[in-house]
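**Q** Just final.csv, nothing more (CSV, C-alpha atoms and all ligand atoms):
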```csv
chain,number,residue,atom,x,y,z
N,1,MET,CA,71.1,70.0,99.3
N,2,SER,CA,70.0,70.6,95.8
N,3,LEU,CA,71.9,69.2,92.7
N,4,VAL,CA,73.1,72.7,91.8
N,5,GLN,CA,74.5,73.2,95.4
N,6,HIS,CA,76.3,69.8,95.1
N,7,ILE,CA,77.9,70.9,91.8
N,8,MET,CA,78.8,74.4,93.1
N,9,ARG,CA,80.3,73.3,96.5
N,10,PRO,CA,83.7,72.1,95.2
N,11,CYS,CA,83.8,75.2,93.0
N,12,ASN,CA,83.3,77.5,95.9
N,13,PHE,CA,86.0,75.7,97.9
N,14,GLY,CA,88.3,76.1,94.9
N,15,ILE,CA,87.6,79.7,94.6
N,16,ALA,CA,88.1,80.3,98.3
N,17,THR,CA,91.4,78.5,98.2
N,18,ILE,CA,92.6,80.5,95.2
N,19,LEU,CA,91.5,83.8,96.9
N,20,ASN,CA,93.2,82.8,100.1
N,21,ALA,CA,96.4,81.9,98.2
N,22,PHE,CA,96.2,85.2,96.3
N,23,GLY,CA,95.7,87.2,99.5
N,24,GLY,CA,98.7,85.6,101.0
N,25,ALA,CA,100.8,86.3,98.0
N,26,THR,CA,99.6,89.9,98.0
N,27,ARG,CA,100.7,90.3,101.6
N,28,GLN,CA,104.0,88.8,100.8
N,29,VAL,CA,104.6,91.1,97.9
N,30,SER,CA,103.6,94.1,100.1
N,31,ASP,CA,106.2,93.0,102.6
N,32,LYS,CA,108.8,92.8,100.0
N,33,VAL,CA,108.3,96.2,98.4
N,34,LEU,CA,108.1,97.7,101.9
N,35,HIS,CA,104.8,99.5,101.6
N,36,VAL,CA,101.2,98.9,102.2
N,37,ILE,CA,98.4,100.3,100.2
N,38,ASP,CA,95.7,102.1,101.9
N,39,TYR,CA,92.8,101.2,99.6
N,40,SER,CA,90.5,103.8,101.3
N,41,ASN,CA,92.1,106.6,99.3
N,42,CYS,CA,94.2,104.7,96.8
N,43,ALA,CA,97.4,106.3,98.1
N,44,PRO,CA,100.5,104.2,99.1
N,45,ALA,CA,101.4,104.6,102.8
N,46,LEU,CA,105.1,103.9,103.4
N,47,ASP,CA,106.4,101.6,106.1
N,48,ARG,CA,109.0,104.0,107.5
N,49,ALA,CA,110.7,101.5,109.8
N,50,ASN,CA,111.4,99.1,106.9
N,51,LEU,CA,112.4,101.9,104.7
N,52,LEU,CA,114.9,103.3,107.2
N,53,ARG,CA,116.6,99.9,107.5
N,54,ARG,CA,117.0,99.9,103.7
N,55,PHE,CA,118.2,103.5,103.7
N,56,ALA,CA,121.5,102.3,105.2
N,57,THR,CA,122.1,100.8,101.8
N,58,VAL,CA,121.8,104.0,100.0
N,59,ALA,CA,123.4,106.2,102.6
N,60,THR,CA,126.9,105.5,101.1
N,61,GLU,CA,126.1,108.3,98.6
N,62,ALA,CA,126.2,110.9,101.4
N,63,PRO,CA,129.2,113.2,101.7
N,64,GLN,CA,131.9,112.3,104.1
N,65,SER,CA,130.9,114.9,106.6
N,66,GLN,CA,127.4,113.4,106.8
N,67,LYS,CA,128.5,109.8,107.3
N,68,THR,CA,128.9,110.1,111.0
N,69,LEU,CA,125.3,111.3,111.4
N,70,PRO,CA,122.6,108.8,112.1
N,71,PRO,CA,120.3,108.0,109.2
N,72,GLN,CA,117.8,110.7,108.6
N,73,PRO,CA,114.1,109.9,108.3
N,74,VAL,CA,113.2,109.3,104.7
N,75,ALA,CA,110.1,111.2,103.8
N,76,PRO,CA,107.9,109.9,101.1
N,77,GLN,CA,108.6,113.1,99.2
N,78,PRO,CA,109.4,113.5,96.4
N,79,GLY,CA,107.5,110.7,94.8
N,80,LEU,CA,104.5,109.7,92.9
N,81,LYS,CA,101.0,109.3,94.2
N,82,LEU,CA,98.5,106.9,92.9
N,83,ARG,CA,95.4,108.7,91.8
N,84,ILE,CA,92.5,107.3,89.9
N,85,SER,CA,90.8,109.9,87.8
N,86,SER,CA,87.5,109.3,86.1
N,87,ASP,CA,88.4,111.5,83.2
N,88,ALA,CA,92.0,110.4,83.0
N,89,PHE,CA,93.4,110.3,79.4
N,90,GLU,CA,95.3,107.2,80.5
N,91,SER,CA,93.7,105.3,83.3
N,92,GLY,CA,95.7,104.0,86.2
N,93,LEU,CA,98.5,106.6,85.8
N,94,SER,CA,100.6,107.5,88.8
N,95,HIS,CA,101.0,111.2,89.2
N,96,PRO,CA,104.1,113.0,90.5
N,97,ASN,CA,103.6,114.7,93.9
N,98,TYR,CA,106.3,117.3,94.7
N,99,SER,CA,106.5,120.1,97.3
N,100,ASP,CA,107.5,123.5,96.1
N,101,VAL,CA,110.5,123.4,98.4
N,102,TYR,CA,111.8,120.3,96.7
N,103,LEU,CA,111.1,121.5,93.2
N,104,ASP,CA,113.1,124.7,93.8
N,105,GLY,CA,115.8,122.8,95.6
N,106,VAL,CA,116.8,120.3,92.9
N,107,ARG,CA,120.3,120.9,91.6
N,108,PRO,CA,122.6,118.9,89.3
N,109,THR,CA,124.4,116.2,91.3
N,110,HIS,CA,127.1,113.7,90.4
N,111,LEU,CA,127.8,110.3,91.9
N,112,LYS,CA,131.6,109.8,91.9
N,113,PRO,CA,132.2,106.5,90.1
N,114,GLU,CA,134.2,104.0,92.1
N,115,LYS,CA,133.4,100.6,90.6
N,116,LEU,CA,134.2,99.5,87.1
N,117,TYR,CA,130.6,99.2,86.0
N,118,GLN,CA,130.1,102.9,87.2
N,119,HIS,CA,133.1,104.0,85.1
N,120,VAL,CA,131.7,102.2,82.1
N,121,GLY,CA,128.3,103.7,82.6
N,122,LEU,CA,129.7,107.2,83.0
N,123,ARG,CA,132.1,107.0,80.0
N,124,THR,CA,129.4,105.7,77.8
N,125,ILE,CA,127.0,108.5,78.6
N,126,GLN,CA,129.8,111.1,78.3
N,127,VAL,CA,130.6,110.0,74.8
N,128,ALA,CA,126.9,109.7,73.8
N,129,ARG,CA,126.1,113.2,75.1
N,130,TRP,CA,129.1,114.8,73.4
N,131,MET,CA,128.1,113.3,70.1
N,132,PHE,CA,124.5,114.2,70.5
N,133,ASP,CA,125.3,117.8,71.6
N,134,TYR,CA,127.7,118.2,68.7
N,135,LEU,CA,125.2,116.9,66.1
N,136,THR,CA,122.3,118.9,67.3
N,137,GLY,CA,124.1,122.2,68.1
N,138,TYR,CA,123.4,122.2,71.8
N,139,GLY,CA,124.6,125.5,73.4
N,140,PRO,CA,123.8,128.8,75.0
N,141,ASP,CA,121.7,130.4,72.3
N,142,MET,CA,119.2,127.7,71.3
N,143,THR,CA,115.8,128.7,70.0
N,144,GLU,CA,112.5,127.4,71.4
N,145,VAL,CA,112.2,125.1,68.4
N,146,GLN,CA,115.7,123.7,69.0
N,147,TRP,CA,114.9,123.1,72.7
N,148,LEU,CA,111.7,121.3,71.9
N,149,GLN,CA,113.3,119.1,69.2
N,150,ARG,CA,116.0,118.1,71.7
N,151,MET,CA,113.5,117.4,74.5
N,152,ILE,CA,111.1,115.4,72.3
N,153,PHE,CA,113.8,113.3,70.7
N,154,LEU,CA,115.5,112.5,74.0
N,155,GLU,CA,112.3,111.7,75.8
N,156,THR,CA,111.5,109.1,73.1
N,157,VAL,CA,114.7,107.5,74.1
N,158,ALA,CA,114.4,108.0,77.8
N,159,GLY,CA,111.2,106.0,78.0
N,160,VAL,CA,112.9,102.8,76.7
N,161,PRO,CA,115.2,101.6,79.5
N,162,GLY,CA,112.6,101.3,82.3
N,163,MET,CA,110.3,99.3,80.0
N,164,VAL,CA,113.1,97.0,78.8
N,165,ALA,CA,114.4,96.4,82.3
N,166,GLY,CA,110.9,95.9,83.6
N,167,MET,CA,110.0,93.5,80.8
N,168,LEU,CA,113.2,91.5,81.2
N,169,ARG,CA,112.6,91.1,85.0
N,170,HIS,CA,109.0,90.2,84.3
N,171,LEU,CA,110.0,87.5,81.8
N,172,LYS,CA,112.7,86.2,84.2
N,173,SER,CA,110.1,85.9,86.9
N,174,LEU,CA,107.9,83.9,84.5
N,175,ARG,CA,110.7,81.7,83.4
N,176,THR,CA,112.1,80.9,86.8
N,177,MET,CA,108.8,81.0,88.6
N,178,GLN,CA,110.4,83.2,91.2
N,179,ARG,CA,109.5,86.5,92.9
N,180,ASP,CA,110.8,89.7,91.3
N,181,GLN,CA,111.5,91.5,94.7
N,182,GLY,CA,109.5,94.5,93.8
N,183,TRP,CA,111.6,96.0,91.0
N,184,ILE,CA,109.2,95.8,88.0
N,185,HIS,CA,106.7,98.5,89.0
N,186,THR,CA,109.4,101.0,89.9
N,187,LEU,CA,111.0,100.4,86.4
N,188,LEU,CA,107.7,100.7,84.6
N,189,GLU,CA,106.8,103.9,86.6
N,190,GLU,CA,110.0,105.4,85.2
N,191,ALA,CA,109.1,104.5,81.6
N,192,GLU,CA,105.6,105.8,82.0
N,193,ASN,CA,106.9,109.1,83.5
N,194,GLU,CA,109.3,109.6,80.6
N,195,ARG,CA,106.5,108.9,78.2
N,196,MET,CA,104.4,111.7,79.9
N,197,HIS,CA,107.4,114.0,79.4
N,198,LEU,CA,107.3,113.2,75.7
N,199,LEU,CA,103.5,113.6,75.3
N,200,THR,CA,103.7,117.0,77.2
N,201,PHE,CA,106.4,118.4,74.9
N,202,PHE,CA,104.6,117.0,71.9
N,203,GLU,CA,101.8,119.4,72.7
N,204,LEU,CA,104.1,122.2,71.9
N,205,ARG,CA,105.6,121.0,68.7
N,206,LYS,CA,104.5,118.4,66.1
N,207,PRO,CA,107.6,116.8,64.5
N,208,GLY,CA,107.8,116.3,60.8
N,209,PRO,CA,108.3,113.0,58.8
N,210,LEU,CA,112.1,113.2,58.9
N,211,PHE,CA,112.2,113.7,62.7
N,212,ARG,CA,109.7,110.8,63.1
N,213,ALA,CA,111.9,108.6,61.0
N,214,SER,CA,114.9,109.4,63.1
N,215,VAL,CA,112.9,108.5,66.2
N,216,ILE,CA,112.0,105.1,64.8
N,217,ALA,CA,115.6,104.5,63.8
N,218,ALA,CA,116.9,105.5,67.2
N,219,GLN,CA,114.4,103.3,69.0
N,220,GLY,CA,115.3,100.3,66.8
N,221,VAL,CA,119.0,100.7,67.7
N,222,PHE,CA,118.6,101.7,71.3
N,223,PHE,CA,116.0,99.2,72.3
N,224,ASN,CA,118.0,96.3,71.0
N,225,ALA,CA,121.3,97.6,72.4
N,226,TYR,CA,119.9,98.2,75.8
N,227,PHE,CA,118.1,94.8,75.7
N,228,LEU,CA,121.4,93.0,75.1
N,229,ALA,CA,123.3,95.2,77.6
N,230,TYR,CA,120.8,94.5,80.3
N,231,LEU,CA,121.1,90.8,79.8
N,232,LEU,CA,124.8,91.1,80.2
N,233,SER,CA,125.1,93.5,83.1
N,234,PRO,CA,121.9,95.0,84.7
N,235,ARG,CA,124.0,97.0,87.2
N,236,THR,CA,126.0,98.7,84.4
N,237,CYS,CA,122.8,99.6,82.7
N,238,HIS,CA,121.3,101.2,85.8
N,239,ALA,CA,124.6,103.1,86.4
N,240,PHE,CA,124.4,104.3,82.8
N,241,ILE,CA,120.8,105.5,83.3
N,242,GLY,CA,121.8,107.1,86.6
N,243,PHE,CA,124.5,109.2,84.9
N,244,LEU,CA,122.2,109.9,81.9
N,245,GLU,CA,119.6,111.3,84.3
N,246,GLU,CA,122.3,113.4,85.9
N,247,GLU,CA,122.8,114.9,82.5
N,248,ALA,CA,119.0,115.4,82.1
N,249,VAL,CA,119.0,117.4,85.4
N,250,LYS,CA,121.8,119.6,84.0
N,251,THR,CA,120.0,120.2,80.8
N,252,TYR,CA,116.7,121.1,82.4
N,253,THR,CA,118.5,123.4,84.9
N,254,HIS,CA,120.0,125.1,81.8
N,255,ALA,CA,116.5,125.5,80.4
N,256,LEU,CA,115.3,127.0,83.6
N,257,GLU,CA,118.2,129.5,83.5
N,258,GLU,CA,117.1,130.5,80.0
N,259,ILE,CA,113.5,130.9,81.1
N,260,ASP,CA,114.5,133.0,84.1
N,261,ALA,CA,116.6,135.2,81.8
N,262,GLY,CA,113.5,135.8,79.6
N,263,ARG,CA,115.0,134.1,76.6
N,264,LEU,CA,112.7,131.0,76.6
N,265,TRP,CA,109.0,130.5,76.8
N,266,LYS,CA,108.4,133.9,78.4
N,267,ASP,CA,105.2,133.6,80.5
N,268,MET,CA,104.0,130.8,78.2
N,269,PRO,CA,101.3,128.6,79.9
N,270,ALA,CA,102.0,125.0,80.5
N,271,PRO,CA,99.9,122.6,78.3
N,272,ALA,CA,96.7,121.2,79.8
N,273,ILE,CA,98.2,117.7,79.8
N,274,ALA,CA,100.9,118.9,82.2
N,275,VAL,CA,98.4,120.6,84.5
N,276,GLN,CA,96.5,117.4,84.8
N,277,TYR,CA,99.5,115.0,85.1
N,278,TRP,CA,101.6,117.0,87.6
N,279,GLY,CA,98.6,118.5,89.3
N,280,LEU,CA,99.9,122.1,88.5
N,281,GLN,CA,97.9,125.2,89.1
N,282,GLN,CA,95.5,126.1,86.2
N,283,ASP,CA,97.6,129.1,85.4
N,284,ALA,CA,101.0,127.3,85.6
N,285,THR,CA,103.6,128.4,83.1
N,286,MET,CA,106.4,126.5,81.3
N,287,ARG,CA,108.7,127.3,84.3
N,288,GLU,CA,106.5,125.2,86.6
N,289,LEU,CA,106.4,122.4,84.0
N,290,ILE,CA,110.2,122.3,83.6
N,291,LEU,CA,110.7,122.4,87.4
N,292,ALA,CA,108.5,119.3,87.6
N,293,VAL,CA,110.2,117.5,84.8
N,294,ARG,CA,113.6,118.3,86.3
N,295,ALA,CA,112.5,116.8,89.6
N,296,ASP,CA,111.4,113.6,87.8
N,297,GLU,CA,114.8,113.3,86.3
N,298,ALA,CA,116.5,113.8,89.6
N,299,CYS,CA,114.4,111.0,91.1
N,300,HIS,CA,115.3,108.7,88.1
N,301,ALA,CA,119.0,109.4,88.7
N,302,HIS,CA,118.8,108.5,92.4
N,303,VAL,CA,116.6,105.4,91.8
N,304,ASN,CA,118.9,104.0,89.1
N,305,HIS,CA,122.2,104.7,91.0
N,306,THR,CA,120.6,102.9,94.0
N,307,LEU,CA,119.4,99.9,91.9
N,308,SER,CA,122.9,99.7,90.3
N,309,LYS,CA,124.4,98.9,93.7
N,310,LEU,CA,122.0,96.1,94.4
N,311,LYS,CA,122.2,92.5,93.4
N,312,ALA,CA,119.4,91.5,91.0
N,313,ASP,CA,117.8,89.3,93.6
N,314,GLU,CA,117.8,91.9,96.4
N,315,VAL,CA,114.6,93.7,97.4
N,316,ASN,CA,113.9,97.0,95.7
N,317,PRO,CA,114.1,99.6,98.5
N,318,PHE,CA,111.7,102.0,96.8
N,319,ALA,CA,108.0,101.6,97.6
N,320,THR,CA,105.7,101.8,94.6
N,321,GLY,CA,105.5,105.5,93.6
N,322,ALA,CA,108.4,106.7,95.9
N,323,SER,CA,111.9,107.8,95.0
N,324,GLN,CA,113.4,109.5,98.0
N,325,LEU,CA,116.6,111.5,97.7
N,326,PRO,CA,119.1,111.2,100.5
N,401,FE,FE,112.4,112.8,80.9
N,402,FE,FE,114.6,110.6,83.1
```
Represent the supplied structure as structure tokens.

**A**
Amino acid sequence: MSLVQHIMRPCNFGIATILNAFGGATRQVSDKVLHVIDYSNCAPALDRANLLRRFATVATEAPQSQKTLPPQPVAPQPGLKLRISSDAFESGLSHPNYSDVYLDGVRPTHLKPEKLYQHVGLRTIQVARWMFDYLTGYGPDMTEVQWLQRMIFLETVAGVPGMVAGMLRHLKSLRTMQRDQGWIHTLLEEAENERMHLLTFFELRKPGPLFRASVIAAQGVFFNAYFLAYLLSPRTCHAFIGFLEEEAVKTYTHALEEIDAGRLWKDMPAPAIAVQYWGLQQDATMRELILAVRADEACHAHVNHTLSKLKADEVNPFATGASQLP
């Protein structure tokens, strides 16, 4: 054995040990988040048996008449699919993947609050929405500019909670040297999805300096408020976001009604960024875009209401890129 081989031998052993340990950790993480990744096509394949067991946790949201029925199979739709695109404007982005039936079927829903943290979350969002609607003149006869201003501003806010929660759980995992139980990526996916809403609407209107200043101020206040609130009560924060997303579904449903009535974005094509991100038809209109955005918000509502009912050290029932609605 040469001198070089003598030197490299312990290194190879060390590398093999690290790779083995890493492989084991990867398998454990896959078990925890209840999915396995099929690397042949870079799309997540759901472990349905595990998911069905977890579905019993979220089935409490079903109406009374459905509670006697056995748990229904949970399809991996709607959700996100991982797609790697060589010309992606942002590499590694997950892309929403909805069926037309689901897109048309989304309706405003409301989770009846029962626990104190849910009442706190609901009351907070009701007050916040009333004030924002009052200050911005939200109503039945809004112009396209007013709609875009509202959407752009709110999406700059909506992208904050998932990132803050994901960051805090990431930091906690580092501090305590313990597993996260699969929450972080679901939370970061939500933040990324909201940021894509913002970048899409930004294609349709470029805000002025005053608007940008208000966005900076709002981010400074909201980031810190949510950061502190999440330290105090993560489940209250997730309930708050669940109810906020319910409001977003209502608002985008209102926008769709305006589009269908011919008062908003009549036959206007969707921006190219939306066609790429949501995988829309090349001739997609603003209606298809708003349908997709509304579906995203419905998924966020369901995910956050579900997370709010879990303890912080419980396993995230959502596979990466999935957000099933019961
Ligand atoms: Fe959004
Ligand atoms: Fe949202």

**Q** Give me, please, the distance in Å between CA of His185 (chain N) and CA of His302 (chain N), quoted to one decimal.

**A**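 We find that CA of His185 (chain N) and CA of His302 (chain N) lie 16.1 Å from each other.
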
**Q** Given all atoms listed in the file as the basis, pick out the residue of N:Thr320, N:Thr156, N:Thr285, N:Gln146 nearest to ligand FE 402 (chain N).

**A**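 The shortest atom-to-atom distance to ligand FE 402 (chain N) comes from N:Thr156.
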
**Q** Which is closer to Cys299 (chain N) than all the others in N:Thr176, N:Asn193, N:Asn97, N:Ser323, using all atoms listed in the file?

**A**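 Counting all atoms listed in the file, the residue closest to Cys299 (chain N) is N:Ser323.
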
**Q** Name the residues, by chain letter and number, that sit within 6 Å of ligand FE 401 (chain N) using all atoms listed in the file, and give them as a list in words.

**A**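 The residues near ligand FE 401 (chain N) are Glu155, Glu194, His197 and Glu297 of chain N.
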
**Q** Around ligand FE 402 (chain N), at most 9 Å away and counting all atoms listed in the file, which residues are there? Put them as a list in words, please.

**A**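 Within the 9 Å cut-off, the matching residues are Glu155, Ala158, Gly159, Glu190, Ala191, Asn193, Glu194, His197, Ile241, Gly242, Leu244, Glu245, Glu246, Ala248, Val249, Val293, Arg294, Asp296, Glu297, Ala298, Cys299, His300 and Ala301 of chain N.
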
**Q** Report the distance between CA of Gly321 (chain N) and CA of Arg175 (chain N) in Å, rounded to one decimal place.

**A**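 Value for the CA of Gly321 (chain N)-CA of Arg175 (chain N) distance: 26.4 Å.
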
**Q** Using only C-alpha atoms, can you tell me which of N:Ala239, N:Leu289, N:Ala255, N:Leu210 comes closest to Lys309 (chain N)?

**A** N:Ala239

**Q** At most 9 Å from (101.3, 128.6, 76.6), file frame, all atoms listed in the file: which residues, as an NGL selection string?

**A** :N and (204 or 265 or 267-271 or 285-286)

**Q** May I ask which of the residues N:Ala272, N:Val160, N:Met177, N:Met196 is the closest one to Phe227 (chain N), counting only C-alpha atoms?

**A**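 Ranked by minimum distance to Phe227 (chain N), first place goes to N:Val160.
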
**Q** So that each row is one residue of region 260-293 of chain N with an atom at most 10 Å from region 101-112 of chain N, can you give its shortest atom pair and the distance in Å to one decimal, using only C-alpha atoms, rows by chain and rising number, as CSV?

**A**
```
residue,atom,partner,partner_atom,distance
N:Glu288,CA,N:Leu103,CA,8.9
N:Ile290,CA,N:Leu103,CA,9.7
N:Leu291,CA,N:Leu103,CA,5.9
N:Ala292,CA,N:Leu103,CA,6.6
N:Val293,CA,N:Leu103,CA,9.3
```

**Q** Please, could you write that set of residues out with C-alpha atoms as a PDB file, in the coordinates of the input?

**A**
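Heads up, here's the output in out25.pdb:
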```pdb
ATOM      1  CA  GLU N 288     106.500 125.200  86.600  1.00  0.00           C
ATOM      2  CA  ILE N 290     110.200 122.300  83.600  1.00  0.00           C
ATOM      3  CA  LEU N 291     110.700 122.400  87.400  1.00  0.00           C
ATOM      4  CA  ALA N 292     108.500 119.300  87.600  1.00  0.00           C
ATOM      5  CA  VAL N 293     110.200 117.500  84.800  1.00  0.00           C
TER       6      VAL N 293
END
```

**Q** So the first atom is CA of Ala217 (chain N) and the second is CA of Arg195 (chain N); what is the distance between them in Å, to one decimal place?

**A**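 We find that CA of Ala217 (chain N) and CA of Arg195 (chain N) lie 17.6 Å from each other.
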
**Q** Can you tell me, as a ChimeraX atom specification, what residues are no more than 10 Å from Arg129 (chain N) when counting only C-alpha atoms, ignoring any on the same chain fewer than 5 positions away?

**A** /N:123-124,134-135,138,244,247

**Q** Can you write just those residues out, C-alpha atoms, as a CSV table (one decimal), keeping the file's coordinate frame?

**A**
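Saved file selection.csv follows:
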```
chain,number,residue,atom,x,y,z
N,123,ARG,CA,132.1,107.0,80.0
N,124,THR,CA,129.4,105.7,77.8
N,134,TYR,CA,127.7,118.2,68.7
N,135,LEU,CA,125.2,116.9,66.1
N,138,TYR,CA,123.4,122.2,71.8
N,244,LEU,CA,122.2,109.9,81.9
N,247,GLU,CA,122.8,114.9,82.5
```

**Q** Could region 133-159 of chain N be completed with N, CA and C atoms and written as a PDB file, in the frame of the given file, please?

**A**
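Written file, out-v2.pdb:
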```pdb
ATOM      1  N   ASP N 133     125.199 116.324  71.502  1.00  0.00           N
ATOM      2  CA  ASP N 133     125.300 117.800  71.600  1.00  0.00           C
ATOM      3  C   ASP N 133     125.922 118.369  70.342  1.00  0.00           C
ATOM      4  N   TYR N 134     126.962 117.701  69.852  1.00  0.00           N
ATOM      5  CA  TYR N 134     127.700 118.200  68.700  1.00  0.00           C
ATOM      6  C   TYR N 134     126.771 118.156  67.443  1.00  0.00           C
ATOM      7  N   LEU N 135     126.064 117.033  67.278  1.00  0.00           N
ATOM      8  CA  LEU N 135     125.200 116.900  66.100  1.00  0.00           C
ATOM      9  C   LEU N 135     124.003 117.764  66.100  1.00  0.00           C
ATOM     10  N   THR N 136     123.494 118.110  67.273  1.00  0.00           N
ATOM     11  CA  THR N 136     122.300 118.900  67.300  1.00  0.00           C
ATOM     12  C   THR N 136     122.500 120.364  67.672  1.00  0.00           C
ATOM     13  N   GLY N 137     123.755 120.751  67.847  1.00  0.00           N
ATOM     14  CA  GLY N 137     124.100 122.200  68.100  1.00  0.00           C
ATOM     15  C   GLY N 137     123.618 122.660  69.445  1.00  0.00           C
ATOM     16  N   TYR N 138     123.736 121.812  70.465  1.00  0.00           N
ATOM     17  CA  TYR N 138     123.400 122.200  71.800  1.00  0.00           C
ATOM     18  C   TYR N 138     124.299 123.325  72.311  1.00  0.00           C
ATOM     19  N   GLY N 139     123.744 124.368  72.900  1.00  0.00           N
ATOM     20  CA  GLY N 139     124.600 125.500  73.400  1.00  0.00           C
ATOM     21  C   GLY N 139     123.794 126.537  74.035  1.00  0.00           C
ATOM     22  N   PRO N 140     124.419 127.702  74.217  1.00  0.00           N
ATOM     23  CA  PRO N 140     123.800 128.800  75.000  1.00  0.00           C
ATOM     24  C   PRO N 140     122.678 129.521  74.298  1.00  0.00           C
ATOM     25  N   ASP N 141     122.650 129.514  72.991  1.00  0.00           N
ATOM     26  CA  ASP N 141     121.700 130.400  72.300  1.00  0.00           C
ATOM     27  C   ASP N 141     120.681 129.555  71.477  1.00  0.00           C
ATOM     28  N   MET N 142     120.137 128.533  72.070  1.00  0.00           N
ATOM     29  CA  MET N 142     119.200 127.700  71.300  1.00  0.00           C
ATOM     30  C   MET N 142     117.807 128.359  71.291  1.00  0.00           C
ATOM     31  N   THR N 143     117.127 128.160  70.169  1.00  0.00           N
ATOM     32  CA  THR N 143     115.800 128.700  70.000  1.00  0.00           C
ATOM     33  C   THR N 143     114.774 127.739  70.702  1.00  0.00           C
ATOM     34  N   GLU N 144     113.525 128.226  70.830  1.00  0.00           N
ATOM     35  CA  GLU N 144     112.500 127.400  71.400  1.00  0.00           C
ATOM     36  C   GLU N 144     112.279 126.109  70.610  1.00  0.00           C
ATOM     37  N   VAL N 145     112.364 126.239  69.280  1.00  0.00           N
ATOM     38  CA  VAL N 145     112.200 125.100  68.400  1.00  0.00           C
ATOM     39  C   VAL N 145     113.317 124.052  68.671  1.00  0.00           C
ATOM     40  N   GLN N 146     114.547 124.561  68.786  1.00  0.00           N
ATOM     41  CA  GLN N 146     115.700 123.700  69.000  1.00  0.00           C
ATOM     42  C   GLN N 146     115.533 122.956  70.397  1.00  0.00           C
ATOM     43  N   TRP N 147     115.096 123.705  71.395  1.00  0.00           N
ATOM     44  CA  TRP N 147     114.900 123.100  72.700  1.00  0.00           C
ATOM     45  C   TRP N 147     113.843 121.977  72.639  1.00  0.00           C
ATOM     46  N   LEU N 148     112.730 122.274  71.952  1.00  0.00           N
ATOM     47  CA  LEU N 148     111.700 121.300  71.900  1.00  0.00           C
ATOM     48  C   LEU N 148     112.080 120.058  71.078  1.00  0.00           C
ATOM     49  N   GLN N 149     112.805 120.288  69.995  1.00  0.00           N
ATOM     50  CA  GLN N 149     113.300 119.100  69.200  1.00  0.00           C
ATOM     51  C   GLN N 149     114.167 118.242  70.060  1.00  0.00           C
ATOM     52  N   ARG N 150     115.051 118.867  70.820  1.00  0.00           N
ATOM     53  CA  ARG N 150     116.000 118.100  71.700  1.00  0.00           C
ATOM     54  C   ARG N 150     115.167 117.319  72.734  1.00  0.00           C
ATOM     55  N   MET N 151     114.268 118.015  73.405  1.00  0.00           N
ATOM     56  CA  MET N 151     113.500 117.400  74.500  1.00  0.00           C
ATOM     57  C   MET N 151     112.640 116.235  73.937  1.00  0.00           C
ATOM     58  N   ILE N 152     111.955 116.479  72.829  1.00  0.00           N
ATOM     59  CA  ILE N 152     111.100 115.400  72.300  1.00  0.00           C
ATOM     60  C   ILE N 152     111.902 114.215  71.877  1.00  0.00           C
ATOM     61  N   PHE N 153     113.001 114.445  71.183  1.00  0.00           N
ATOM     62  CA  PHE N 153     113.800 113.300  70.700  1.00  0.00           C
ATOM     63  C   PHE N 153     114.351 112.512  71.939  1.00  0.00           C
ATOM     64  N   LEU N 154     114.926 113.230  72.895  1.00  0.00           N
ATOM     65  CA  LEU N 154     115.500 112.500  74.000  1.00  0.00           C
ATOM     66  C   LEU N 154     114.502 111.812  74.891  1.00  0.00           C
ATOM     67  N   GLU N 155     113.308 112.378  75.010  1.00  0.00           N
ATOM     68  CA  GLU N 155     112.300 111.700  75.800  1.00  0.00           C
ATOM     69  C   GLU N 155     111.772 110.436  75.113  1.00  0.00           C
ATOM     70  N   THR N 156     111.837 110.403  73.777  1.00  0.00           N
ATOM     71  CA  THR N 156     111.500 109.100  73.100  1.00  0.00           C
ATOM     72  C   THR N 156     112.463 108.043  73.419  1.00  0.00           C
ATOM     73  N   VAL N 157     113.691 108.447  73.697  1.00  0.00           N
ATOM     74  CA  VAL N 157     114.700 107.500  74.100  1.00  0.00           C
ATOM     75  C   VAL N 157     114.637 107.132  75.554  1.00  0.00           C
ATOM     76  N   ALA N 158     114.384 108.157  76.374  1.00  0.00           N
ATOM     77  CA  ALA N 158     114.400 108.000  77.800  1.00  0.00           C
ATOM     78  C   ALA N 158     113.321 107.032  78.330  1.00  0.00           C
ATOM     79  N   GLY N 159     112.267 106.877  77.551  1.00  0.00           N
ATOM     80  CA  GLY N 159     111.200 106.000  78.000  1.00  0.00           C
ATOM     81  C   GLY N 159     111.465 104.522  77.712  1.00  0.00           C
TER      82      GLY N 159
END
```
